[in-house]
Each structure stands twice: as C-alpha cells, then as structure tokens.
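A.B. asks: Coordinates in upload-v8.tsv, TSV, C-alpha atoms (C1' of nucleotides), are listed below.
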```tsv
chain	number	residue	atom	x	y	z
A	17	MET	CA	165.00	-32.46	160.32
A	18	SER	CA	161.69	-33.80	159.06
A	19	LEU	CA	161.18	-34.90	155.54
A	20	ALA	CA	159.17	-31.78	154.86
A	21	ASP	CA	162.10	-29.68	156.00
A	22	ALA	CA	164.35	-31.35	153.51
A	23	ARG	CA	161.83	-30.97	150.72
A	24	LEU	CA	161.24	-27.33	151.48
A	25	ALA	CA	164.95	-26.74	151.62
A	26	GLN	CA	165.38	-28.46	148.27
A	27	MET	CA	162.78	-26.31	146.56
A	28	ALA	CA	164.05	-23.16	148.20
A	29	LYS	CA	167.62	-23.95	147.32
A	30	ALA	CA	166.67	-24.34	143.69
A	31	LEU	CA	164.98	-20.95	143.87
A	32	GLY	CA	167.98	-19.44	145.56
A	33	HIS	CA	169.72	-18.15	142.49
A	34	PRO	CA	168.72	-15.07	140.51
A	35	ALA	CA	169.23	-16.78	137.19
A	36	ARG	CA	166.86	-19.56	138.14
A	37	VAL	CA	164.22	-17.12	139.28
A	38	SER	CA	164.60	-15.42	135.92
A	39	ILE	CA	164.19	-18.72	134.15
A	40	LEU	CA	160.98	-19.41	136.02
A	41	ARG	CA	159.73	-15.98	135.10
A	42	VAL	CA	160.49	-16.60	131.44
A	43	LEU	CA	158.63	-19.87	131.56
A	44	ALA	CA	155.72	-18.19	133.32
A	45	ASN	CA	155.37	-15.56	130.63
A	46	HIS	CA	156.12	-17.33	127.41
A	47	ALA	CA	155.20	-20.85	126.70
A	48	CYS	CA	157.77	-23.51	127.24
A	49	VAL	CA	160.87	-22.58	125.38
A	50	CYS	CA	164.27	-24.02	125.68
A	51	GLY	CA	167.06	-22.48	123.70
A	52	ASP	CA	165.04	-19.31	123.92
A	53	ILE	CA	165.99	-19.11	127.54
A	54	VAL	CA	169.60	-18.90	126.52
A	55	GLY	CA	168.68	-15.96	124.34
A	56	ALA	CA	166.83	-14.30	127.16
A	57	LEU	CA	169.65	-14.53	129.66
A	58	PRO	CA	173.27	-13.40	129.56
A	59	LEU	CA	174.55	-16.90	130.21
A	60	ALA	CA	176.21	-19.61	128.21
A	61	GLN	CA	174.16	-22.49	126.92
A	62	SER	CA	175.81	-24.99	129.18
A	63	THR	CA	175.18	-22.82	132.20
A	64	VAL	CA	171.51	-22.47	131.40
A	65	SER	CA	171.29	-26.20	130.88
A	66	GLN	CA	172.73	-26.72	134.33
A	67	HIS	CA	170.20	-24.38	135.91
A	68	LEU	CA	167.39	-26.14	134.10
A	69	LYS	CA	168.64	-29.41	135.45
A	70	VAL	CA	168.58	-28.06	138.99
A	71	LEU	CA	165.06	-26.72	138.56
A	72	LYS	CA	163.87	-29.98	137.08
A	73	GLU	CA	165.39	-32.07	139.84
A	74	ALA	CA	163.73	-29.86	142.43
A	75	GLY	CA	160.40	-30.35	140.69
A	76	TRP	CA	159.89	-26.77	139.59
A	77	ILE	CA	159.72	-27.57	135.90
A	78	THR	CA	159.22	-30.45	133.57
A	79	GLY	CA	161.15	-31.18	130.44
A	80	ALA	CA	159.65	-32.93	127.44
A	81	ILE	CA	161.89	-34.08	124.65
A	82	ASP	CA	160.63	-32.80	121.35
A	83	GLY	CA	162.83	-33.89	118.53
A	84	PRO	CA	166.26	-32.40	118.85
A	85	ARG	CA	165.08	-29.90	121.43
A	86	THR	CA	163.62	-30.08	124.90
A	87	CYS	CA	160.50	-28.26	125.88
A	88	TYR	CA	160.43	-26.96	129.42
A	89	ALA	CA	157.32	-26.03	131.28
A	90	LEU	CA	156.45	-24.94	134.75
A	91	ASN	CA	155.23	-27.75	136.94
A	92	ARG	CA	151.90	-26.67	138.32
A	93	ASP	CA	152.09	-29.26	141.04
A	94	ALA	CA	155.10	-27.46	142.43
A	95	ILE	CA	152.96	-24.50	143.42
A	96	GLY	CA	150.63	-26.62	145.44
A	97	GLU	CA	153.47	-28.49	146.95
A	98	LEU	CA	155.28	-25.33	147.94
A	99	ARG	CA	152.16	-23.88	149.46
A	100	SER	CA	151.30	-27.05	151.33
A	101	VAL	CA	154.73	-27.10	152.86
A	102	LEU	CA	155.17	-23.39	153.36
A	103	ASP	CA	151.73	-22.44	154.63
A	104	PRO	CA	151.81	-24.55	157.79
A	105	LEU	CA	155.11	-22.98	158.65
A	106	LEU	CA	153.97	-19.48	157.85
A	107	GLY	CA	150.68	-20.11	159.61
A	108	GLN	CA	152.48	-20.66	162.86
A	109	TRP	CA	154.07	-17.30	162.37
A	110	GLU	CA	150.95	-15.42	163.22
A	111	GLY	CA	150.65	-17.10	166.57
A	112	ALA	CA	154.32	-17.20	167.34
A	113	ALA	CA	155.35	-15.75	170.64
A	114	ASP	CA	157.03	-12.41	170.50
A	115	CYS	CA	160.43	-12.28	172.05
A	116	SER	CA	160.14	-8.91	173.64
A	117	GLN	CA	157.09	-9.97	175.61
A	118	GLU	CA	158.32	-13.38	176.60
A	119	PRO	CA	159.61	-14.01	180.09
A	120	SER	CA	162.25	-16.30	178.64
A	121	CYS	CA	163.91	-13.34	177.10
A	122	THR	CA	163.67	-10.60	179.59
B	29	MET	CA	167.17	-9.84	136.73
B	30	SER	CA	164.80	-7.47	138.45
B	31	LEU	CA	165.32	-6.32	141.98
B	32	ALA	CA	162.48	-8.56	143.08
B	33	ASP	CA	164.21	-11.54	141.53
B	34	ALA	CA	167.31	-10.85	143.54
B	35	ARG	CA	165.33	-10.41	146.73
B	36	LEU	CA	163.36	-13.59	146.18
B	37	ALA	CA	166.57	-15.45	145.44
B	38	GLN	CA	168.12	-14.09	148.61
B	39	MET	CA	165.27	-15.21	150.80
B	40	ALA	CA	165.01	-18.57	149.08
B	41	LYS	CA	168.72	-19.13	149.33
B	42	ALA	CA	168.59	-18.56	153.06
B	43	LEU	CA	165.77	-21.10	153.26
B	44	GLY	CA	167.71	-23.52	151.15
B	45	HIS	CA	169.29	-25.50	153.92
B	46	PRO	CA	167.53	-28.09	156.07
B	47	ALA	CA	169.13	-26.82	159.25
B	48	ARG	CA	167.84	-23.32	158.62
B	49	VAL	CA	164.35	-24.57	157.94
B	50	SER	CA	164.55	-26.43	161.23
B	51	ILE	CA	165.66	-23.30	162.98
B	52	LEU	CA	162.69	-21.39	161.63
B	53	ARG	CA	160.42	-24.17	162.78
B	54	VAL	CA	161.89	-24.02	166.27
B	55	LEU	CA	161.38	-20.30	166.36
B	56	ALA	CA	157.82	-20.71	165.12
B	57	ASN	CA	156.95	-23.15	167.88
B	58	HIS	CA	158.78	-21.91	170.89
B	59	ALA	CA	159.32	-18.35	171.72
B	60	CYS	CA	162.60	-16.77	170.77
B	61	VAL	CA	165.34	-18.89	172.12
B	62	CYS	CA	168.95	-18.82	171.26
B	63	GLY	CA	171.22	-21.39	172.82
B	64	ASP	CA	168.14	-23.57	172.96
B	65	ILE	CA	168.42	-23.92	169.22
B	66	VAL	CA	171.80	-25.49	169.67
B	67	GLY	CA	170.18	-27.98	172.02
B	68	ALA	CA	167.46	-28.71	169.52
B	69	LEU	CA	169.76	-29.42	166.62
B	70	PRO	CA	172.67	-31.81	166.20
B	71	LEU	CA	175.03	-29.00	165.31
B	72	ALA	CA	177.85	-27.19	167.00
B	73	GLN	CA	177.23	-23.81	168.56
B	74	SER	CA	179.36	-22.01	166.04
B	75	THR	CA	177.54	-23.65	163.18
B	76	VAL	CA	174.15	-22.65	164.53
B	77	SER	CA	175.39	-19.14	165.03
B	78	GLN	CA	176.41	-19.01	161.41
B	79	HIS	CA	173.01	-20.18	160.24
B	80	LEU	CA	171.34	-17.61	162.44
B	81	LYS	CA	173.48	-14.96	160.86
B	82	VAL	CA	172.42	-16.04	157.40
B	83	LEU	CA	168.76	-16.01	158.37
B	84	LYS	CA	169.08	-12.62	159.95
B	85	GLU	CA	170.86	-11.12	156.96
B	86	ALA	CA	168.12	-12.42	154.70
B	87	GLY	CA	165.51	-10.83	156.93
B	88	TRP	CA	163.88	-14.01	158.14
B	89	ILE	CA	164.58	-13.37	161.79
B	90	THR	CA	165.52	-10.60	164.15
B	91	GLY	CA	168.04	-10.78	166.95
B	92	ALA	CA	167.76	-8.76	170.11
B	93	ILE	CA	170.65	-8.63	172.49
B	94	ASP	CA	169.48	-9.50	175.96
B	95	GLY	CA	172.30	-9.43	178.42
B	96	PRO	CA	174.86	-12.08	177.65
B	97	ARG	CA	172.49	-13.86	175.27
B	98	THR	CA	170.71	-13.00	172.06
B	99	CYS	CA	167.03	-13.48	171.57
B	100	TYR	CA	165.95	-14.49	168.10
B	101	ALA	CA	162.48	-14.12	166.77
B	102	LEU	CA	160.76	-14.66	163.48
B	103	ASN	CA	160.38	-11.51	161.47
B	104	ARG	CA	156.72	-11.21	160.67
B	105	ASP	CA	157.41	-8.76	157.88
B	106	ALA	CA	159.29	-11.49	156.08
B	107	ILE	CA	156.08	-13.42	155.54
B	108	GLY	CA	154.40	-10.54	153.86
B	109	GLU	CA	157.46	-9.78	151.85
B	110	LEU	CA	157.80	-13.34	150.67
B	111	ARG	CA	154.16	-13.52	149.73
B	112	SER	CA	154.22	-10.21	147.92
B	113	VAL	CA	157.12	-11.38	145.84
B	114	LEU	CA	156.09	-14.97	145.40
B	115	ASP	CA	152.39	-14.56	144.73
B	116	PRO	CA	152.71	-12.52	141.54
B	117	LEU	CA	155.04	-15.16	140.19
B	118	LEU	CA	152.84	-18.02	141.26
B	119	GLY	CA	149.82	-16.18	139.97
B	120	GLN	CA	151.23	-16.22	136.47
B	121	TRP	CA	151.53	-19.97	136.83
B	122	GLU	CA	147.83	-20.50	136.59
B	123	GLY	CA	147.64	-18.72	133.29
B	124	ALA	CA	150.89	-20.00	131.91
B	125	ALA	CA	150.76	-21.64	128.54
B	126	ASP	CA	151.06	-25.36	128.54
B	127	CYS	CA	153.88	-26.71	126.47
B	128	SER	CA	152.10	-29.71	125.09
B	129	GLN	CA	149.38	-27.52	123.59
B	130	GLU	CA	151.60	-24.78	122.30
B	131	PRO	CA	152.43	-24.62	118.61
B	132	SER	CA	155.94	-23.50	119.50
B	133	CYS	CA	156.64	-26.91	120.90
B	134	THR	CA	155.02	-29.34	118.55
C	25	DA	C1'	175.01	-40.94	104.69
C	26	DT	C1'	176.23	-36.40	105.89
C	27	DC	C1'	175.46	-31.93	107.66
C	28	DG	C1'	173.49	-28.47	110.76
C	29	DT	C1'	170.89	-27.63	114.84
C	30	DT	C1'	169.86	-28.27	119.56
C	31	DT	C1'	170.75	-29.76	124.09
C	32	DA	C1'	173.12	-32.51	127.61
C	33	DT	C1'	177.29	-33.78	129.66
C	34	DC	C1'	182.26	-33.50	130.85
C	35	DG	C1'	186.29	-31.32	132.75
C	36	DT	C1'	188.12	-27.41	134.79
C	37	DC	C1'	188.70	-23.45	137.71
C	38	DG	C1'	187.77	-19.97	141.11
C	39	DA	C1'	184.52	-18.75	144.63
C	40	DT	C1'	181.45	-19.89	148.07
C	41	DT	C1'	179.46	-22.86	151.68
C	42	DA	C1'	179.17	-25.78	155.70
C	43	DA	C1'	181.08	-27.59	159.49
C	44	DC	C1'	184.10	-27.69	163.31
C	45	DG	C1'	187.21	-26.34	167.26
C	46	DA	C1'	189.38	-22.55	169.40
C	47	DT	C1'	189.28	-18.00	170.68
C	48	DT	C1'	187.34	-13.62	171.90
C	49	DA	C1'	183.87	-10.42	173.68
C	50	DA	C1'	180.06	-9.17	176.73
C	51	DG	C1'	177.55	-9.57	180.84
C	52	DG	C1'	175.78	-11.36	185.34
C	53	DA	C1'	176.91	-13.52	189.90
C	54	DG	C1'	179.67	-14.35	193.61
D	18	DC	C1'	187.79	-8.14	190.51
D	19	DT	C1'	187.24	-12.89	189.16
D	20	DC	C1'	184.61	-16.68	187.52
D	21	DC	C1'	181.04	-18.56	184.59
D	22	DT	C1'	177.86	-18.49	181.00
D	23	DT	C1'	176.56	-17.19	176.45
D	24	DA	C1'	177.16	-15.97	171.80
D	25	DA	C1'	179.90	-14.15	167.95
D	26	DT	C1'	184.00	-14.41	165.37
D	27	DC	C1'	188.33	-16.46	163.45
D	28	DG	C1'	190.87	-19.93	161.00
D	29	DT	C1'	190.83	-24.18	158.74
D	30	DT	C1'	189.25	-27.90	155.81
D	31	DA	C1'	186.40	-30.51	152.67
D	32	DA	C1'	182.69	-30.16	149.73
D	33	DT	C1'	179.63	-27.86	146.71
D	34	DC	C1'	178.38	-24.24	143.35
D	35	DG	C1'	178.55	-21.36	139.24
D	36	DA	C1'	180.40	-20.41	135.09
D	37	DC	C1'	182.64	-21.53	130.94
D	38	DG	C1'	184.43	-23.97	126.70
D	39	DA	C1'	184.67	-28.25	124.52
D	40	DT	C1'	182.66	-32.40	123.40
D	41	DA	C1'	179.09	-35.80	122.62
D	42	DA	C1'	174.47	-37.33	121.59
D	43	DA	C1'	169.95	-36.99	119.26
D	44	DC	C1'	167.44	-35.69	115.54
D	45	DG	C1'	165.65	-33.43	111.06
D	46	DA	C1'	166.78	-32.13	106.53
D	47	DT	C1'	169.22	-32.43	102.43
```
Mind converting the file's structure to structure tokens?

C.D. replies:
Amino acid sequence: MSLADARLAQMAKALGHPARVSILRVLANHACVCGDIVGALPLAQSTVSQHLKVLKEAGWITGAIDGPRTCYALNRDAIGELRSVLDPLLGQWEGAADCSQEPSCT
Amino acid sequence: MSLADARLAQMAKALGHPARVSILRVLANHACVCGDIVGALPLAQSTVSQHLKVLKEAGWITGAIDGPRTCYALNRDAIGELRSVLDPLLGQWEGAADCSQEPSCT
DNA sequence: ATCGTTTATCGTCGATTAACGATTAAGGAG
DNA sequence: CTCCTTAATCGTTAATCGACGATAAACGAT
C-alpha cells in the first residue's frame, strides 16, 4: 500500500493496453508525431487521443503544443523511474524463498 | 500489435492494481503464503483470491496446492520474460529522437 | 474574417473490473 | 463420519474502461 506501490501500479496500468504499448513503440521509433499515430493504428482519432491522455497522465510521454497540433515524445525520466521502482522489487525475487522448500508450505 | 505487445500489456495490466503490487511484495518478502496475504491486506478473502487468480493467469506467480491450502510463489521466469520484452523497448528510448529538435515538429 | 486542419473534450454505450458476502469444494483432525 | 479450516467460485452491484461519433477549441493560411 506504499506510495511506490501506487506509482508502480499507475505506470503499469497505463502500459496495460496493447494500443498504448503500440503507441509507445511508435514514439520510440519515429520522432514525436501526433496525428501520425492515428494513421499508424486502426483506431479513431478520439480513441487515440484518450490513450495519449492516459499515457501522459502516467508520465510515460510528454506533449508539447505546436501550433494547431501537439507533439508527443517519450519521457526519458519514465524509464529511470520505472527501473528505480521495479528493480528493488525484482531484486528481491532472486532471494525470495521457494515455496516447495519452505516448511511453511509442506 | 505484435505478440510481444500483447504479452507486455498482459503482464502490465496484471501489475496495474495497487493491491496486486502489494501481493507481489508480500510474496517477495515472505515465503509463499496464501491466507497470510489476506491477513496482510485490508481486503476480503474472495477479493484476494481474485487478485491471485489474475496474477497467476498473467504468469507472475505460481500456485501449488498443498492440502487444504494453496501455496503461492513468485514465478522467477516472469522476471526474465518481463525484462526480455521491456528492455528492447526501453533500449530504443535512449536513441529516440527528441521532439523539440526534430524538423517534423517545429 | 473565414475556412481548413488538427486535436481535445463530451456524451453515450457495451464490456470489463473490483469488491463483497454467501456458497461450495477439498482436506485434515478428532 | 463429522467438524473445522482453507481456498475457490458464484452472484450481485457500483464503478471504470474502451471505443466511437459529434462537437468544440486553437491555430495557420487565404
């Protein structure tokens, strides 16, 4: 229930949709497009806009207004943040007790 | 839309709830408990059971039946799988074009 | 000032999720 | 066999999500 749990859950939740993973992949390859994402995905413009909003609120991307369009880019800080939150959890993995050898389970 | 996208989304979606992150943390610390998780979280037994089911279906944990109880453990393979899917994506990050310097955005 | 382009927001609808209590199923202990 | 414990499942309810079309807002160009 820690704050880190909530933050990790927020980032993971934003990742938890195939369309949003695809969007991140598009942004990783290309530069920062916007309406181009609509062209790259089989989704309506409003739907893509919604997904972008979710990703932005979770901190995965940034959006810069550029005239009539908005330029989206990956947020590099998000990587570090994800790793800093995920690694401690995954690090414990390695040393985690194995059920089948634990007396509490047999 | 690749298969990897769907898999990543599936794992992330399962992580995308604070209670499930907490459950993973409990399993990382302790050994593999089961009803103990109910005691560690402010949730009803049926709710915890549901979350465990989600985590198991996503491959995050394994469940071994042990008499009248079930012993849950972190699935070590999940770490590797997550990393193998996530790292290539995050790796592209570093080389991703920056919006503010791209001609397509100015 | 008006038009066309681009994106965000609104309203809606069906599907899914999260939570709970109640019930059922499976074993171990007496 | 009968209790007791443990966990999974069922049924329900409220809330959230995902998708869409339609609309509105912001801006550049004519």

A.B. asks: Within 9 Å of segment 35-42 of chain D, counting only C-alpha atoms (C1' of nucleotides), which residues show up once you throw out same-chain ones fewer than 4 positions away? Write them as a list in words, please.

C.D. replies: Leu59, Ala60, Ser62 and Thr63 of chain A; DT31, DA32, DT33, DC34, DG35, DT36 and DA39 of chain C

A.B. asks: Write out chain B, as a short mmCIF file (atom, residue, chain, number, x, y, z; two decimals) with C-alpha atoms, in the frame of the given file, after superposing it onto chain A by least squares using every C-alpha atom paired in order.

C.D. replies:
```cif
data_model
loop_
_atom_site.label_atom_id
_atom_site.label_comp_id
_atom_site.auth_asym_id
_atom_site.auth_seq_id
_atom_site.Cartn_x
_atom_site.Cartn_y
_atom_site.Cartn_z
CA MET B 29 164.81 -32.48 160.36
CA SER B 30 161.50 -33.77 159.12
CA LEU B 31 160.99 -34.94 155.60
CA ALA B 32 159.04 -31.79 154.88
CA ASP B 33 161.96 -29.69 156.03
CA ALA B 34 164.23 -31.42 153.59
CA ARG B 35 161.75 -31.03 150.76
CA LEU B 36 161.20 -27.36 151.50
CA ALA B 37 164.94 -26.83 151.66
CA GLN B 38 165.36 -28.58 148.34
CA MET B 39 162.81 -26.44 146.58
CA ALA B 40 164.08 -23.26 148.20
CA LYS B 41 167.64 -24.10 147.36
CA ALA B 42 166.72 -24.49 143.72
CA LEU B 43 165.04 -21.09 143.87
CA GLY B 44 168.04 -19.60 145.56
CA HIS B 45 169.77 -18.27 142.51
CA PRO B 46 168.77 -15.17 140.57
CA ALA B 47 169.27 -16.85 137.23
CA ARG B 48 166.90 -19.65 138.18
CA VAL B 49 164.27 -17.22 139.35
CA SER B 50 164.61 -15.48 136.01
CA ILE B 51 164.20 -18.76 134.21
CA LEU B 52 161.00 -19.48 136.08
CA ARG B 53 159.75 -16.03 135.20
CA VAL B 54 160.49 -16.62 131.53
CA LEU B 55 158.65 -19.89 131.65
CA ALA B 56 155.73 -18.23 133.42
CA ASN B 57 155.39 -15.57 130.75
CA HIS B 58 156.14 -17.32 127.53
CA ALA B 59 155.19 -20.81 126.75
CA CYS B 60 157.77 -23.51 127.23
CA VAL B 61 160.85 -22.51 125.40
CA CYS B 62 164.27 -23.93 125.69
CA GLY B 63 167.04 -22.33 123.70
CA ASP B 64 165.00 -19.17 123.97
CA ILE B 65 165.97 -19.04 127.60
CA VAL B 66 169.58 -18.81 126.57
CA GLY B 67 168.63 -15.84 124.42
CA ALA B 68 166.80 -14.23 127.29
CA LEU B 69 169.63 -14.49 129.76
CA PRO B 70 173.24 -13.34 129.64
CA LEU B 71 174.52 -16.85 130.25
CA ALA B 72 176.17 -19.52 128.20
CA GLN B 73 174.11 -22.40 126.88
CA SER B 74 175.81 -24.92 129.10
CA THR B 75 175.19 -22.79 132.15
CA VAL B 76 171.50 -22.44 131.38
CA SER B 77 171.27 -26.15 130.82
CA GLN B 78 172.74 -26.74 134.23
CA HIS B 79 170.23 -24.43 135.88
CA LEU B 80 167.41 -26.15 134.06
CA LYS B 81 168.65 -29.44 135.38
CA VAL B 82 168.62 -28.13 138.92
CA LEU B 83 165.10 -26.79 138.54
CA LYS B 84 163.90 -30.02 137.05
CA GLU B 85 165.46 -32.14 139.77
CA ALA B 86 163.78 -29.98 142.39
CA GLY B 87 160.45 -30.45 140.65
CA TRP B 88 159.93 -26.86 139.60
CA ILE B 89 159.76 -27.62 135.91
CA THR B 90 159.23 -30.48 133.53
CA GLY B 91 161.17 -31.17 130.37
CA ALA B 92 159.67 -32.87 127.36
CA ILE B 93 161.89 -33.99 124.57
CA ASP B 94 160.59 -32.67 121.29
CA GLY B 95 162.76 -33.71 118.43
CA PRO B 96 166.20 -32.20 118.69
CA ARG B 97 165.06 -29.74 121.35
CA THR B 98 163.62 -29.96 124.83
CA CYS B 99 160.50 -28.18 125.87
CA TYR B 100 160.43 -26.93 129.43
CA ALA B 101 157.32 -26.03 131.30
CA LEU B 102 156.47 -24.98 134.79
CA ASN B 103 155.28 -27.82 136.95
CA ARG B 104 151.94 -26.77 138.32
CA ASP B 105 152.12 -29.37 141.05
CA ALA B 106 155.13 -27.57 142.44
CA ILE B 107 152.98 -24.61 143.41
CA GLY B 108 150.65 -26.71 145.43
CA GLU B 109 153.49 -28.59 146.96
CA LEU B 110 155.30 -25.44 147.95
CA ARG B 111 152.17 -23.95 149.44
CA SER B 112 151.30 -27.10 151.33
CA VAL B 113 154.72 -27.13 152.89
CA LEU B 114 155.16 -23.42 153.36
CA ASP B 115 151.72 -22.46 154.61
CA PRO B 116 151.78 -24.56 157.78
CA LEU B 117 155.09 -22.99 158.66
CA LEU B 118 153.96 -19.50 157.85
CA GLY B 119 150.72 -20.13 159.66
CA GLN B 120 152.58 -20.70 162.89
CA TRP B 121 154.17 -17.31 162.35
CA GLU B 122 151.01 -15.47 163.15
CA GLY B 123 150.71 -17.13 166.50
CA ALA B 124 154.38 -17.17 167.31
CA ALA B 125 155.39 -15.68 170.60
CA ASP B 126 157.03 -12.34 170.42
CA CYS B 127 160.44 -12.17 171.97
CA SER B 128 160.13 -8.76 173.51
CA GLN B 129 157.07 -9.83 175.49
CA GLU B 130 158.30 -13.23 176.51
CA PRO B 131 159.59 -13.78 180.03
CA SER B 132 162.25 -16.08 178.65
CA CYS B 133 163.92 -13.14 177.03
CA THR B 134 163.70 -10.34 179.52
#
```

A.B. asks: Sorted by chain and rising residue number, which residues of segment 94-119 of chain B lie within 10 Å of segment 39-54 of chain A, and what are their closest atom pairs and distances in Å to one decimal, counting only C-alpha atoms, as a Markdown table?

C.D. replies:
```
| residue | atom | partner | partner_atom | distance |
| --- | --- | --- | --- | --- |
| B:Leu117 | CA | A:Arg41 | CA | 7.0 |
| B:Leu118 | CA | A:Ala44 | CA | 8.4 |
| B:Gly119 | CA | A:Ala44 | CA | 9.1 |
```

A.B. asks: Select, counting only C-alpha atoms (C1' of nucleotides), all protein, DNA and RNA residues no farther than 9 Å from (155.5, -14.1, 157.1) in file coordinates, and express the selection as a PyMOL selection string.

C.D. replies: (chain A and resi 106-107+109-110) or (chain B and resi 88+102-111)

A.B. asks: In Å, rounded to a single decimal, give me how far atom C1' of DC27 of chain D is from atom CA of Val76 of chain B.

C.D. replies: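 Atom CA of Val76 of chain B sits 15.5 Å away from atom C1' of DC27 of chain D.
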
A.B. asks: As an exercise, work out the distance from atom CA of Leu83 of chain B to atom C1' of DA43 of chain C in Å and give it to one decimal place.

C.D. replies: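 Spanning atom CA of Leu83 of chain B to atom C1' of DA43 of chain C is a straight-line distance of 16.9 Å.
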
A.B. asks: Leaving out DC21 of chain D and any residue of its chain fewer than 3 positions from it, which residues lie within 12 Å of it when counting only C-alpha atoms (C1' of nucleotides), given as a ChimeraX atom specification?

C.D. replies: /B:96 /C:51-54
